[in-house]
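Data first, discussion second: the structure below is written as structure tokens.
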Amino acid sequence: MTNYATEFCIVERKRGFDEACTWMQKQLKPETAVREESDHFWSETKTKALITMLSDGYEIDEISATLGKTRTQIYAKRSC
């Protein structure tokens, strides 16, 4: 394992998966960490917005445009 992977496992055991993910994002280059919102990670704000939009009957394409997430990311998050 790389040093990051080893340290990630240590942080995960001590503080949990979410904290380990946050730690890992801080270790990455700043330009990668900035992309967090638009990539695979969901902020609490966007998660709440997704739940609200789904319950309000918005179409997946509308949600995708509003949240800046792909349809695949929305379907994956919705099934969690």
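Labels used: A, B, ... for chains in the order of the structure tokens, numbers from 1 for residues in each chain, and numbers from 1 for ligands as shown.
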Legend entry - DSSP-assigned helix (DSSP H, G or I) members of chain A, reported as a ChimeraX atom specification: /A:3-15,17-27,30-37,44-55,60-67,71-78
Put those residues in a file: C-alpha atoms, as a PDB file, in the first residue's frame.
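Wrote again_15.pdb, looks like this:
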ATOM      1  CA  ASN A   3       1.691   5.855   2.378  1.00  0.00           C
ATOM      2  CA  TYR A   4      -1.665   7.540   1.736  1.00  0.00           C
ATOM      3  CA  ALA A   5      -3.506   4.212   1.700  1.00  0.00           C
ATOM      4  CA  THR A   6      -1.866   3.100   4.929  1.00  0.00           C
ATOM      5  CA  GLU A   7      -2.614   6.399   6.645  1.00  0.00           C
ATOM      6  CA  PHE A   8      -6.186   6.365   5.278  1.00  0.00           C
ATOM      7  CA  CYS A   9      -6.756   2.972   6.916  1.00  0.00           C
ATOM      8  CA  ILE A  10      -5.381   4.246  10.211  1.00  0.00           C
ATOM      9  CA  VAL A  11      -7.592   7.354  10.140  1.00  0.00           C
ATOM     10  CA  GLU A  12     -10.600   5.238   9.123  1.00  0.00           C
ATOM     11  CA  ARG A  13     -10.134   2.878  12.063  1.00  0.00           C
ATOM     12  CA  LYS A  14      -9.748   5.760  14.513  1.00  0.00           C
ATOM     13  CA  ARG A  15     -12.352   8.243  13.219  1.00  0.00           C
ATOM     14  CA  PHE A  17     -14.881   6.399   6.920  1.00  0.00           C
ATOM     15  CA  ASP A  18     -16.239   9.948   6.473  1.00  0.00           C
ATOM     16  CA  GLU A  19     -13.405  11.490   8.461  1.00  0.00           C
ATOM     17  CA  ALA A  20     -10.886   9.403   6.536  1.00  0.00           C
ATOM     18  CA  CYS A  21     -12.325  10.672   3.246  1.00  0.00           C
ATOM     19  CA  THR A  22     -12.059  14.247   4.500  1.00  0.00           C
ATOM     20  CA  TRP A  23      -8.479  13.606   5.554  1.00  0.00           C
ATOM     21  CA  MET A  24      -7.640  12.157   2.135  1.00  0.00           C
ATOM     22  CA  GLN A  25      -9.117  15.159   0.336  1.00  0.00           C
ATOM     23  CA  LYS A  26      -6.846  17.423   2.372  1.00  0.00           C
ATOM     24  CA  GLN A  27      -3.836  15.352   1.310  1.00  0.00           C
ATOM     25  CA  PRO A  30      -5.439  21.684  -4.159  1.00  0.00           C
ATOM     26  CA  GLU A  31      -6.718  21.531  -7.746  1.00  0.00           C
ATOM     27  CA  THR A  32      -8.071  18.012  -7.143  1.00  0.00           C
ATOM     28  CA  ALA A  33      -9.642  18.880  -3.824  1.00  0.00           C
ATOM     29  CA  VAL A  34     -11.493  21.796  -5.422  1.00  0.00           C
ATOM     30  CA  ARG A  35     -13.174  19.359  -7.827  1.00  0.00           C
ATOM     31  CA  GLU A  36     -14.826  17.561  -4.897  1.00  0.00           C
ATOM     32  CA  GLU A  37     -18.219  19.165  -5.486  1.00  0.00           C
ATOM     33  CA  GLU A  44     -24.501  17.562   2.723  1.00  0.00           C
ATOM     34  CA  THR A  45     -26.152  20.555   1.017  1.00  0.00           C
ATOM     35  CA  LYS A  46     -26.347  18.790  -2.345  1.00  0.00           C
ATOM     36  CA  THR A  47     -27.592  15.595  -0.723  1.00  0.00           C
ATOM     37  CA  LYS A  48     -30.420  17.495   0.971  1.00  0.00           C
ATOM     38  CA  ALA A  49     -31.197  19.299  -2.286  1.00  0.00           C
ATOM     39  CA  LEU A  50     -31.380  15.944  -4.092  1.00  0.00           C
ATOM     40  CA  ILE A  51     -33.802  14.540  -1.531  1.00  0.00           C
ATOM     41  CA  THR A  52     -35.982  17.641  -1.745  1.00  0.00           C
ATOM     42  CA  MET A  53     -35.969  17.715  -5.551  1.00  0.00           C
ATOM     43  CA  LEU A  54     -36.838  14.015  -5.779  1.00  0.00           C
ATOM     44  CA  SER A  55     -39.712  14.395  -3.332  1.00  0.00           C
ATOM     45  CA  ILE A  60     -33.478  13.465 -13.300  1.00  0.00           C
ATOM     46  CA  ASP A  61     -32.298  15.804 -16.079  1.00  0.00           C
ATOM     47  CA  GLU A  62     -33.480  18.858 -14.127  1.00  0.00           C
ATOM     48  CA  ILE A  63     -31.758  17.615 -10.987  1.00  0.00           C
ATOM     49  CA  SER A  64     -28.571  16.917 -12.938  1.00  0.00           C
ATOM     50  CA  ALA A  65     -28.498  20.439 -14.381  1.00  0.00           C
ATOM     51  CA  THR A  66     -29.242  22.057 -11.026  1.00  0.00           C
ATOM     52  CA  LEU A  67     -26.775  20.070  -8.914  1.00  0.00           C
ATOM     53  CA  ARG A  71     -27.421  11.116 -14.182  1.00  0.00           C
ATOM     54  CA  THR A  72     -25.346   8.096 -13.118  1.00  0.00           C
ATOM     55  CA  GLN A  73     -24.186   9.888  -9.961  1.00  0.00           C
ATOM     56  CA  ILE A  74     -27.780  10.833  -9.137  1.00  0.00           C
ATOM     57  CA  TYR A  75     -29.078   7.291  -9.669  1.00  0.00           C
ATOM     58  CA  ALA A  76     -26.234   5.907  -7.550  1.00  0.00           C
ATOM     59  CA  LYS A  77     -26.847   8.379  -4.736  1.00  0.00           C
ATOM     60  CA  ARG A  78     -30.607   7.844  -4.895  1.00  0.00           C
TER      61      ARG A  78
END
